[in-house]
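Dropping data22.txt in here (compact mmCIF, C-alpha atoms and all ligand atoms):
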# COMPACT_ATOMS: atom_id res chain seq x y z
CA MET A 14 0.00 0.00 0.00
CA LYS A 15 1.29 3.47 -0.91
CA LYS A 16 0.38 6.35 1.42
CA ARG A 17 1.38 9.94 1.90
CA ILE A 18 1.58 10.97 5.56
CA VAL A 19 2.00 14.54 6.75
CA LEU A 20 3.84 14.93 10.06
CA LEU A 21 3.14 18.00 12.21
CA PRO A 22 5.51 17.61 15.19
CA GLY A 23 4.62 21.00 16.69
CA ASP A 24 6.33 22.05 19.91
CA GLY A 25 8.04 20.67 23.01
CA ILE A 26 8.00 16.89 23.23
CA GLY A 27 5.86 16.85 20.08
CA LYS A 28 9.05 16.69 18.02
CA GLU A 29 10.58 13.92 20.14
CA VAL A 30 7.55 11.61 20.13
CA MET A 31 6.98 12.25 16.40
CA ASN A 32 10.44 10.82 15.68
CA SER A 33 9.36 7.69 17.55
CA ALA A 34 6.14 7.33 15.54
CA LYS A 35 8.09 7.72 12.30
CA GLU A 36 10.54 4.99 13.33
CA VAL A 37 7.68 2.64 14.14
CA LEU A 38 5.87 3.37 10.85
CA THR A 39 9.10 2.85 8.92
CA ALA A 40 9.46 -0.57 10.52
CA ILE A 41 5.83 -1.41 9.70
CA ALA A 42 6.32 -0.32 6.07
CA GLU A 43 9.43 -2.48 5.72
CA GLU A 44 7.97 -5.55 7.43
CA TYR A 45 4.60 -5.42 5.64
CA ASN A 46 5.74 -4.13 2.24
CA HIS A 47 4.06 -0.75 2.29
CA SER A 48 5.37 2.51 0.94
CA PHE A 49 4.82 5.39 3.36
CA SER A 50 6.16 8.80 2.40
CA PHE A 51 6.60 11.40 5.15
CA GLU A 52 6.39 15.16 4.72
CA THR A 53 7.02 17.38 7.74
CA HIS A 54 5.34 20.77 8.23
CA GLU A 55 5.20 23.33 11.01
CA ILE A 56 2.24 24.13 13.27
CA GLY A 57 1.79 25.96 16.60
CA GLY A 58 4.66 27.83 18.23
CA ALA A 59 7.25 26.49 15.80
CA ALA A 60 5.18 27.90 12.91
CA ILE A 61 4.78 31.25 14.68
CA ASP A 62 8.57 31.49 15.05
CA GLN A 63 9.28 30.51 11.46
CA TYR A 64 6.32 31.96 9.51
CA GLY A 65 4.62 34.44 11.87
CA THR A 66 1.39 32.38 12.01
CA PRO A 67 0.39 29.23 13.95
CA LEU A 68 -1.05 27.62 10.81
CA PRO A 69 0.75 28.48 7.55
CA GLU A 70 -1.12 27.94 4.27
CA THR A 71 1.57 25.47 3.19
CA THR A 72 0.72 23.30 6.19
CA VAL A 73 -3.02 23.38 5.43
CA ASP A 74 -2.45 22.58 1.75
CA ALA A 75 -0.16 19.66 2.55
CA CYS A 76 -2.67 18.22 5.05
CA LYS A 77 -5.50 18.51 2.53
CA GLN A 78 -3.51 16.52 0.00
CA ALA A 79 -2.33 13.87 2.48
CA ASP A 80 -3.83 10.44 3.12
CA ALA A 81 -3.47 11.08 6.85
CA VAL A 82 -1.94 13.56 9.29
CA LEU A 83 0.01 12.86 12.48
CA LEU A 84 0.25 15.69 14.99
CA GLY A 85 2.56 15.86 18.03
CA ALA A 86 1.47 18.71 20.33
CA VAL A 87 1.49 22.48 20.32
CA GLY A 88 2.12 25.17 22.91
CA GLY A 89 4.63 26.31 25.49
CA PRO A 90 5.47 29.20 27.82
CA LYS A 91 7.33 31.05 25.06
CA TRP A 92 4.00 31.88 23.36
CA ASP A 93 1.71 32.09 26.43
CA ASN A 94 1.52 35.90 26.35
CA ASN A 95 0.96 36.22 22.60
CA PRO A 96 -2.23 37.89 21.35
CA SER A 97 -4.98 35.32 20.69
CA HIS A 98 -4.45 35.13 16.91
CA LEU A 99 -0.80 34.26 17.56
CA ARG A 100 -1.39 31.48 20.08
CA PRO A 101 -0.20 27.96 19.16
CA GLU A 102 -3.66 26.44 19.93
CA ARG A 103 -5.06 28.51 17.05
CA GLY A 104 -3.10 26.24 14.74
CA LEU A 105 -4.73 23.15 16.22
CA LEU A 106 -8.28 24.48 16.02
CA GLY A 107 -7.58 25.80 12.52
CA ILE A 108 -6.38 22.48 11.11
CA ARG A 109 -9.32 20.58 12.67
CA LYS A 110 -11.68 23.04 10.98
CA ALA A 111 -9.84 23.05 7.65
CA LEU A 112 -10.08 19.25 7.45
CA ASP A 113 -13.72 19.19 8.72
CA LEU A 114 -12.90 16.61 11.38
CA TYR A 115 -16.33 15.84 12.84
CA ALA A 116 -15.61 12.57 14.65
CA ASN A 117 -13.21 12.33 17.57
CA LEU A 118 -12.28 8.83 18.71
CA ARG A 119 -10.49 8.22 21.99
CA PRO A 120 -9.69 4.65 22.97
CA ILE A 121 -8.97 4.19 26.68
CA LYS A 122 -7.44 0.96 27.78
CA GLY A 123 -6.04 0.01 31.16
CA PHE A 124 -2.62 -1.65 30.89
CA LYS A 125 -2.29 -4.21 33.69
CA ASN A 126 1.12 -3.07 34.94
CA LEU A 127 0.01 0.56 35.13
CA LEU A 128 -3.26 0.09 37.01
CA PRO A 129 -1.78 0.87 40.44
CA ALA A 130 -1.39 4.49 39.17
CA SER A 131 -5.14 4.79 38.53
CA PRO A 132 -7.12 6.99 40.93
CA LEU A 133 -9.63 4.11 41.07
CA LYS A 134 -9.19 0.82 42.92
CA GLU A 135 -7.40 -1.70 40.74
CA GLU A 136 -10.32 -4.16 40.85
CA VAL A 137 -12.69 -1.41 39.58
CA VAL A 138 -10.57 -0.25 36.64
CA SER A 139 -9.18 -3.68 35.73
CA GLY A 140 -10.40 -4.91 32.33
CA SER A 141 -11.46 -1.44 31.13
CA ASP A 142 -11.14 -1.07 27.37
CA LEU A 143 -13.46 1.52 25.91
CA LEU A 144 -13.74 3.91 22.99
CA ILE A 145 -15.37 7.33 23.22
CA VAL A 146 -16.76 8.66 19.93
CA ARG A 147 -17.42 12.39 20.29
CA GLU A 148 -19.13 14.69 17.80
CA LEU A 149 -16.56 17.45 17.25
CA THR A 150 -17.91 20.17 14.97
CA GLY A 151 -21.50 20.84 16.11
CA GLY A 152 -23.51 21.43 19.26
CA ILE A 153 -23.33 24.21 21.81
CA TYR A 154 -19.66 25.15 21.15
CA PHE A 155 -20.57 26.28 17.64
CA GLY A 156 -24.24 27.33 17.97
CA SER A 157 -25.40 30.82 17.13
CA PRO A 158 -26.40 33.10 18.82
CA SER A 159 -23.90 32.90 21.63
CA GLU A 160 -24.00 36.29 23.31
CA ARG A 161 -24.73 38.53 26.27
CA ARG A 162 -27.90 40.60 26.16
CA GLU A 163 -29.68 43.29 28.13
CA ASN A 164 -26.55 45.01 29.41
CA GLY A 165 -24.93 41.71 30.23
CA GLN A 166 -27.76 40.58 32.51
CA VAL A 167 -28.87 37.77 30.19
CA VAL A 168 -26.64 35.26 28.47
CA VAL A 169 -27.49 32.86 25.64
CA ASP A 170 -25.71 29.86 24.10
CA THR A 171 -27.31 27.76 21.40
CA LEU A 172 -27.24 23.98 21.10
CA SER A 173 -28.11 23.07 17.54
CA TYR A 174 -27.61 19.99 15.39
CA THR A 175 -28.82 18.97 11.97
CA ARG A 176 -30.13 15.44 11.40
CA GLN A 177 -27.23 14.82 9.00
CA GLU A 178 -24.64 15.83 11.64
CA ILE A 179 -26.13 13.37 14.11
CA GLU A 180 -26.55 10.57 11.60
CA ARG A 181 -22.93 10.59 10.45
CA ILE A 182 -21.47 10.40 13.97
CA ILE A 183 -23.93 7.66 15.00
CA ASP A 184 -22.95 5.67 11.89
CA LYS A 185 -19.28 6.10 12.72
CA ALA A 186 -19.89 4.80 16.26
CA PHE A 187 -21.91 1.77 15.09
CA GLN A 188 -19.10 0.91 12.65
CA ALA A 189 -16.50 1.26 15.40
CA ALA A 190 -18.57 -1.05 17.65
CA GLN A 191 -18.73 -3.63 14.84
CA GLY A 192 -14.92 -3.69 14.81
CA ARG A 193 -14.77 -4.13 18.59
CA ARG A 194 -17.00 -6.05 21.04
CA GLY A 195 -20.29 -5.01 19.41
CA ARG A 196 -21.73 -2.87 22.22
CA LEU A 197 -22.76 0.75 21.85
CA THR A 198 -23.80 3.12 24.63
CA SER A 199 -25.44 6.29 23.36
CA VAL A 200 -25.20 9.11 25.90
CA ASP A 201 -27.67 12.00 25.90
CA LYS A 202 -29.94 14.10 28.10
CA ALA A 203 -33.19 13.04 26.44
CA ASN A 204 -35.24 13.70 29.58
CA VAL A 205 -34.58 17.44 29.14
CA LEU A 206 -33.07 18.45 25.79
CA GLU A 207 -34.84 18.45 22.42
CA SER A 208 -31.52 17.84 20.65
CA SER A 209 -31.03 14.71 22.79
CA LYS A 210 -34.54 13.45 21.98
CA MET A 211 -33.70 13.64 18.27
CA TRP A 212 -30.30 12.05 18.95
CA ARG A 213 -32.01 9.10 20.67
CA GLU A 214 -34.59 8.74 17.86
CA ILE A 215 -31.80 8.56 15.27
CA VAL A 216 -29.91 5.90 17.26
CA GLU A 217 -33.15 3.87 17.42
CA GLU A 218 -33.69 4.26 13.66
CA LYS A 219 -30.11 3.25 12.86
CA LYS A 220 -30.20 0.12 15.02
CA ALA A 221 -31.82 -1.91 12.24
CA GLN A 222 -28.83 -1.27 9.95
CA TYR A 223 -26.42 -2.72 12.51
CA PRO A 224 -28.15 -5.84 13.91
CA ASP A 225 -24.82 -7.18 15.25
CA VAL A 226 -24.46 -4.23 17.66
CA ALA A 227 -26.25 -4.19 21.04
CA VAL A 228 -27.42 -0.67 21.92
CA GLU A 229 -28.20 1.00 25.24
CA HIS A 230 -29.09 4.61 26.07
CA LEU A 231 -27.71 6.35 29.14
CA LEU A 232 -28.35 9.85 30.43
CA VAL A 233 -25.11 11.81 30.65
CA ASP A 234 -25.26 12.12 34.45
CA ALA A 235 -25.66 8.35 34.83
CA ALA A 236 -22.88 7.78 32.29
CA ALA A 237 -20.50 10.02 34.26
CA MET A 238 -21.17 7.96 37.39
CA LYS A 239 -20.86 4.62 35.64
CA LEU A 240 -17.49 5.58 34.14
CA ILE A 241 -16.18 5.81 37.70
CA THR A 242 -18.08 2.95 39.34
CA ASN A 243 -17.90 0.38 36.54
CA PRO A 244 -15.73 1.50 33.58
CA SER A 245 -15.41 -2.03 32.22
CA HIS A 246 -19.15 -1.93 31.49
CA PHE A 247 -18.44 0.11 28.35
CA ASP A 248 -17.30 -0.83 24.86
CA VAL A 249 -18.13 2.14 22.57
CA ILE A 250 -19.70 5.34 23.90
CA VAL A 251 -21.12 7.86 21.41
CA THR A 252 -22.17 11.34 22.41
CA GLU A 253 -22.50 14.96 21.31
CA ASN A 254 -19.73 17.54 21.50
CA MET A 255 -19.96 19.00 25.03
CA PHE A 256 -20.89 15.75 26.78
CA GLY A 257 -18.04 14.08 24.90
CA ASP A 258 -15.58 16.79 25.90
CA ILE A 259 -16.34 16.21 29.58
CA LEU A 260 -16.68 12.41 29.53
CA SER A 261 -13.50 11.87 27.48
CA ASP A 262 -11.43 13.89 29.96
CA GLU A 263 -13.03 12.02 32.85
CA ALA A 264 -12.25 8.70 31.17
CA SER A 265 -8.67 9.72 30.30
CA VAL A 266 -7.60 9.72 33.95
CA LEU A 267 -8.99 6.24 34.62
CA THR A 268 -5.88 4.46 33.45
CA GLY A 269 -3.54 6.74 35.39
CA SER A 270 -1.24 7.43 32.46
CA LEU A 271 -1.69 10.46 30.20
CA GLY A 272 1.36 9.44 28.16
CA MET A 273 -0.45 6.31 26.94
CA LEU A 274 -3.57 7.81 25.35
CA PRO A 275 -3.97 8.26 21.58
CA SER A 276 -6.79 9.93 19.65
CA ALA A 277 -8.16 10.11 16.13
CA SER A 278 -10.25 12.83 14.47
CA LEU A 279 -11.88 11.87 11.18
CA ASN A 280 -13.70 13.58 8.34
CA GLU A 281 -16.26 12.13 5.93
CA ALA A 282 -13.59 11.17 3.40
CA GLY A 283 -11.86 9.07 6.07
CA VAL A 284 -8.86 11.40 6.16
CA GLY A 285 -7.85 11.70 9.75
CA LEU A 286 -5.68 13.65 12.11
CA TYR A 287 -4.08 11.48 14.77
CA GLU A 288 -2.55 12.89 17.93
CA PRO A 289 -1.75 12.01 21.52
CA VAL A 290 -4.15 13.30 24.18
CA HIS A 291 -1.27 14.90 26.11
CA GLY A 292 0.23 18.33 25.42
CA SER A 293 3.74 19.54 24.60
CA ALA A 294 5.03 18.93 28.18
CA PRO A 295 7.51 21.86 28.19
CA ASP A 296 8.73 20.78 31.64
CA ILE A 297 10.44 17.70 30.17
CA ALA A 298 11.04 18.79 26.55
CA GLY A 299 14.55 18.14 25.23
CA LYS A 300 15.46 15.74 28.04
CA GLY A 301 14.89 12.54 26.07
CA ILE A 302 12.51 11.17 28.70
CA ALA A 303 9.08 11.74 27.09
CA ASN A 304 6.82 8.74 26.82
CA PRO A 305 6.38 8.13 23.06
CA THR A 306 3.59 5.57 23.51
CA ALA A 307 0.54 7.81 23.01
CA MET A 308 2.04 9.10 19.75
CA ILE A 309 2.94 5.58 18.60
CA LEU A 310 -0.56 4.32 19.46
CA SER A 311 -1.97 7.29 17.49
CA ALA A 312 -0.01 6.02 14.48
CA ALA A 313 -1.64 2.62 15.05
CA LEU A 314 -5.07 4.28 14.96
CA MET A 315 -4.09 5.92 11.67
CA LEU A 316 -3.26 2.51 10.17
CA ARG A 317 -6.63 1.15 11.39
CA TYR A 318 -9.04 3.99 10.63
CA SER A 319 -7.52 5.76 7.61
CA PHE A 320 -5.73 2.86 5.86
CA GLY A 321 -7.76 -0.18 7.00
CA LEU A 322 -4.52 -1.95 8.06
CA GLU A 323 -5.86 -3.84 11.08
CA ASP A 324 -3.01 -6.38 11.39
CA GLU A 325 -0.41 -3.62 11.30
CA ALA A 326 -2.33 -1.55 13.88
CA LYS A 327 -2.69 -4.59 16.13
CA ILE A 328 1.00 -5.48 16.06
CA ILE A 329 1.89 -1.97 17.26
CA GLU A 330 -0.63 -2.28 20.10
CA ASP A 331 0.68 -5.74 20.96
CA ALA A 332 4.23 -4.37 20.95
CA VAL A 333 3.33 -1.66 23.47
CA GLN A 334 1.54 -4.20 25.66
CA SER A 335 4.46 -6.61 25.49
CA VAL A 336 7.09 -3.98 26.36
CA LEU A 337 5.05 -2.87 29.39
CA ASP A 338 4.43 -6.48 30.41
CA ALA A 339 8.21 -6.96 30.39
CA GLY A 340 8.41 -4.11 32.92
CA TYR A 341 9.88 -1.35 30.72
CA HIS A 342 8.47 2.14 31.28
CA THR A 343 9.31 5.82 30.86
CA ALA A 344 9.79 8.23 33.78
CA ASP A 345 6.11 9.29 33.87
CA LEU A 346 5.01 5.73 34.69
CA ARG A 347 5.67 3.45 37.63
CA ILE A 348 5.95 -0.30 37.38
CA ALA A 349 7.00 -2.10 40.55
CA GLY A 350 10.26 -3.93 39.88
CA GLY A 351 10.35 -2.47 36.36
CA PHE A 352 13.08 -0.81 34.30
CA GLN A 353 13.01 2.91 33.53
CA VAL A 354 14.06 3.85 30.00
CA GLY A 355 14.17 7.02 27.89
CA THR A 356 12.21 7.92 24.72
CA ALA A 357 14.74 6.39 22.30
CA GLU A 358 15.04 3.10 24.19
CA MET A 359 11.27 2.73 24.62
CA THR A 360 10.87 3.29 20.88
CA LYS A 361 13.58 0.75 20.09
CA LEU A 362 11.93 -1.89 22.29
CA ILE A 363 8.63 -1.38 20.45
CA VAL A 364 10.32 -1.48 17.02
CA ASP A 365 12.31 -4.61 17.98
CA TYR A 366 9.09 -6.41 18.98
CA ILE A 367 7.46 -5.50 15.66
CA ARG A 368 10.44 -6.71 13.63
CA THR A 369 10.84 -9.93 15.62
CA VAL A 370 7.17 -10.89 15.57
CA SER A 371 6.65 -10.05 11.91
CA ALA A 372 9.80 -12.02 10.98
CA SER A 373 8.58 -15.06 12.95
CA LYS A 374 5.13 -14.79 11.34
CA CYS A 375 6.80 -14.75 7.92
CA ILE A 376 8.87 -17.84 8.78
CA ALA A 377 5.70 -19.61 9.96
CA SER A 378 3.65 -18.69 6.91
CA CYS A 379 6.49 -19.24 4.43
CA TYR A 380 7.56 -22.70 5.60
CA PHE A 381 4.54 -24.37 7.21
P1 LIG B 401 0.77 18.40 29.19
O1 LIG B 401 -0.06 17.23 28.74
O2 LIG B 401 1.72 18.92 28.20
O3 LIG B 401 1.59 17.96 30.51
C1 LIG B 401 0.97 17.61 31.74
C2 LIG B 401 1.97 16.79 32.58
O4 LIG B 401 2.09 15.49 32.01
C3 LIG B 401 3.38 17.38 32.59
O5 LIG B 401 3.96 17.15 33.85
C4 LIG B 401 4.12 16.59 31.52
O6 LIG B 401 5.51 16.48 31.77
C5 LIG B 401 3.44 15.23 31.62
N1 LIG B 401 3.39 14.57 30.31
C6 LIG B 401 2.53 14.85 29.28
N2 LIG B 401 2.79 14.07 28.25
C7 LIG B 401 3.82 13.27 28.60
C8 LIG B 401 4.56 12.26 27.93
N3 LIG B 401 4.28 11.88 26.68
N4 LIG B 401 5.58 11.69 28.59
C9 LIG B 401 5.89 12.03 29.85
N5 LIG B 401 5.22 12.97 30.53
C10 LIG B 401 4.21 13.60 29.91
O7 LIG B 401 -0.25 19.50 29.67
P2 LIG B 401 0.04 20.99 30.19
O8 LIG B 401 1.28 20.99 31.04
O9 LIG B 401 -1.24 21.44 30.77
O10 LIG B 401 0.30 21.85 28.88
C11 LIG B 401 1.59 22.13 28.36
C12 LIG B 401 1.43 22.81 27.01
O11 LIG B 401 0.78 21.90 26.11
C13 LIG B 401 0.54 24.06 27.07
O12 LIG B 401 1.08 25.03 26.23
C14 LIG B 401 -0.81 23.57 26.56
O13 LIG B 401 -1.55 24.61 25.96
C15 LIG B 401 -0.37 22.54 25.54
N6 LIG B 401 -1.36 21.49 25.25
C16 LIG B 401 -1.43 21.09 23.96
C17 LIG B 401 -2.29 20.07 23.62
C18 LIG B 401 -2.32 19.63 22.17
O14 LIG B 401 -1.44 20.01 21.42
N7 LIG B 401 -3.28 18.81 21.78
C19 LIG B 401 -3.07 19.44 24.58
C20 LIG B 401 -2.94 19.84 25.91
C21 LIG B 401 -2.07 20.88 26.24
In structure tokens, write the structure found in this file.
Amino acid sequence: MKKRIVLLPGDGIGKEVMNSAKEVLTAIAEEYNHSFSFETHEIGGAAIDQYGTPLPETTVDACKQADAVLLGAVGGPKWDNNPSHLRPERGLLGIRKALDLYANLRPIKGFKNLLPASPLKEEVVSGSDLLIVRELTGGIYFGSPSERRENGQVVVDTLSYTRQEIERIIDKAFQAAQGRRGRLTSVDKANVLESSKMWREIVEEKKAQYPDVAVEHLLVDAAAMKLITNPSHFDVIVTENMFGDILSDEASVLTGSLGMLPSASLNEAGVGLYEPVHGSAPDIAGKGIANPTAMILSAALMLRYSFGLEDEAKIIEDAVQSVLDAGYHTADLRIAGGFQVGTAEMTKLIVDYIRTVSASKCIASCYF
């Protein structure tokens, strides 16, 4: 398979973890006979320094022509006092908008060795493996009017969705559930909000198209509680923009390891932007100790969702699991009796696993 991948390392540890993802993808391309070309562009603070804008036109054009985009992270104290149009985050919001990324997917999986770092009891969080599908371009964050009235004594925000906006995210979630354990939880506030009533109706209508997926509805308040009391109940959760914003941050702390969490944002053409959930971590940038795993797992999501390369995605995920099982971890993680390594060594361990396992698979399939 031939694919063109745009890399946007951004700022801080973004550059370091992007190098790791590129090494892993290069190994995958070599072992599985794919041709991946990489083109690097600037975004965020690095783009402000070089081009005077957080999102240069050249970056947008390259992303629009790419098969997929990998993003590191943006931001840092150097740009914190810039005027709002010259803030690194503007680059991030701008590229999401330019690519019309309406579906945000965040898988959250508890790795056994890391569970002691969870704020929840180990027996509660153990076995958790869920995916949050969040609508990203509609709802109350984008509704109009959003304003203050009557000398600032009245304030209005607008929650609006079109049927088409709801249908496409619900379809995406059903399809994701089909590729996982076949269970979908739709989260809404249908006892109060008209938009949620329509959301629930559409989920009910769509059920017939996906008979292999079991569906339940949960009110957002109940869902927030259940994420804490019984996270392993969930397979795929689908919800609108603001509920998804809150629930995905709640869920991201369950596993106790920010450096492990990848995300995908997709548009209707299947072109996606893949990035770790964490930021640019200026406090550790340049020290060679950043955890590259979230970025590497984001590359795995790219292989799965944009290129349909499930085996290749799975071997990366297995590699991460295996390296952690062997007790290796970066400085942000704790594994009792484990071995602390830096970014480069963690990356090498993951690449070595991929090369060894794919070579042994080839020997097995070639000779037996
Ligand atoms: P952060 O995620 O960068 O860091 C929070 C803490 O987690 C820090 O102590 C950091 O050292 C640690 N950490 C994060 N990722 C790590 C990794 N891969 N390996 C090891 N440790 C890791 O969040 P923050 O400190 O609130 O923000 C720092 C900068 O990042 C800010 O400028 C913020 O605006 C930006 N930010 C960017 C994004 C993004 O690009 N998507 C997201 C969040 C924050």
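Between ligand LIG 401 (chain B) and the candidates A:Ile302, A:Leu197, A:Ala312, A:Met359, the tightest atom-to-atom separation, counting only C-alpha atoms and all ligand atoms, involves A:Ile302.
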How would you write, as a short mmCIF file (atom, residue, chain, number, x, y, z; two decimals) with C-alpha atoms, in the frame of the given file, the set of residues no farther than 10 Å from ligand LIG 401 (chain B) when counting all atoms listed in the file?
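Saved to pocket_36.cif:
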data_model
loop_
_atom_site.label_atom_id
_atom_site.label_comp_id
_atom_site.auth_asym_id
_atom_site.auth_seq_id
_atom_site.Cartn_x
_atom_site.Cartn_y
_atom_site.Cartn_z
CA PRO A 22 5.51 17.61 15.19
CA GLY A 23 4.62 21.00 16.69
CA ASP A 24 6.33 22.05 19.91
CA GLY A 25 8.04 20.67 23.01
CA ILE A 26 8.00 16.89 23.23
CA GLY A 27 5.86 16.85 20.08
CA GLU A 29 10.58 13.92 20.14
CA VAL A 30 7.55 11.61 20.13
CA ILE A 56 2.24 24.13 13.27
CA GLY A 57 1.79 25.96 16.60
CA GLY A 58 4.66 27.83 18.23
CA LEU A 84 0.25 15.69 14.99
CA GLY A 85 2.56 15.86 18.03
CA ALA A 86 1.47 18.71 20.33
CA VAL A 87 1.49 22.48 20.32
CA GLY A 88 2.12 25.17 22.91
CA GLY A 89 4.63 26.31 25.49
CA PRO A 90 5.47 29.20 27.82
CA LYS A 91 7.33 31.05 25.06
CA TRP A 92 4.00 31.88 23.36
CA ASP A 93 1.71 32.09 26.43
CA ARG A 100 -1.39 31.48 20.08
CA PRO A 101 -0.20 27.96 19.16
CA GLU A 102 -3.66 26.44 19.93
CA GLY A 104 -3.10 26.24 14.74
CA LEU A 105 -4.73 23.15 16.22
CA LEU A 106 -8.28 24.48 16.02
CA SER A 270 -1.24 7.43 32.46
CA LEU A 271 -1.69 10.46 30.20
CA GLY A 272 1.36 9.44 28.16
CA MET A 273 -0.45 6.31 26.94
CA LEU A 274 -3.57 7.81 25.35
CA SER A 276 -6.79 9.93 19.65
CA GLU A 288 -2.55 12.89 17.93
CA PRO A 289 -1.75 12.01 21.52
CA VAL A 290 -4.15 13.30 24.18
CA HIS A 291 -1.27 14.90 26.11
CA GLY A 292 0.23 18.33 25.42
CA SER A 293 3.74 19.54 24.60
CA ALA A 294 5.03 18.93 28.18
CA PRO A 295 7.51 21.86 28.19
CA ASP A 296 8.73 20.78 31.64
CA ILE A 297 10.44 17.70 30.17
CA ALA A 298 11.04 18.79 26.55
CA GLY A 301 14.89 12.54 26.07
CA ILE A 302 12.51 11.17 28.70
CA ALA A 303 9.08 11.74 27.09
CA ASN A 304 6.82 8.74 26.82
CA PRO A 305 6.38 8.13 23.06
CA THR A 306 3.59 5.57 23.51
CA ALA A 307 0.54 7.81 23.01
CA MET A 308 2.04 9.10 19.75
CA THR A 343 9.31 5.82 30.86
CA ALA A 344 9.79 8.23 33.78
CA ASP A 345 6.11 9.29 33.87
CA LEU A 346 5.01 5.73 34.69
CA GLY A 355 14.17 7.02 27.89
CA THR A 356 12.21 7.92 24.72
#
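Between CA of Glu178 in chain A and CA of Asp113 in chain A lies a distance of 11.8 Å.
CA of Lys28 in chain A is found 20.1 Å from CA of Leu99 in chain A.
Picture a line from CA of Leu240 in chain A to CA of Tyr287 in chain A; it runs 24.3 Å.
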Spatial neighbours of Phe352 in chain A, 7 Å, only C-alpha atoms, chain gap at least 5 places, as JSON, numbers by chain: {"A": [340, 341, 342]}
For a quick check of understanding, using all atoms listed in the file, which of A:Pro129, A:Pro96, A:Pro120, A:Gly156 has the smallest distance to Phe247 in chain A? A:Pro120
Shell around Glu281 in chain A at 12 Å using only C-alpha atoms, local window under 5 positions removed, as a short mmCIF file (atom, residue, chain, number, x, y, z; two decimals) with C-alpha atoms, in the coordinates of the input:
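Once written, part-v4.cif looks like this:
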data_model
loop_
_atom_site.label_atom_id
_atom_site.label_comp_id
_atom_site.auth_asym_id
_atom_site.auth_seq_id
_atom_site.Cartn_x
_atom_site.Cartn_y
_atom_site.Cartn_z
CA LEU A 112 -10.08 19.25 7.45
CA ASP A 113 -13.72 19.19 8.72
CA LEU A 114 -12.90 16.61 11.38
CA TYR A 115 -16.33 15.84 12.84
CA ALA A 116 -15.61 12.57 14.65
CA GLN A 177 -27.23 14.82 9.00
CA GLU A 178 -24.64 15.83 11.64
CA GLU A 180 -26.55 10.57 11.60
CA ARG A 181 -22.93 10.59 10.45
CA ILE A 182 -21.47 10.40 13.97
CA ASP A 184 -22.95 5.67 11.89
CA LYS A 185 -19.28 6.10 12.72
CA TYR A 318 -9.04 3.99 10.63
CA SER A 319 -7.52 5.76 7.61
#
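Candidate residues A:Val205, A:Leu314, A:Ile348, A:Ile241 were compared for distance to Leu286 in chain A, and the nearest is A:Leu314, using only C-alpha atoms.
The shortest atom-to-atom distance to Ile108 in chain A, with all atoms listed in the file taken into account, belongs to A:Glu55 out of A:Glu253, A:Asp338, A:Glu218, A:Glu55.
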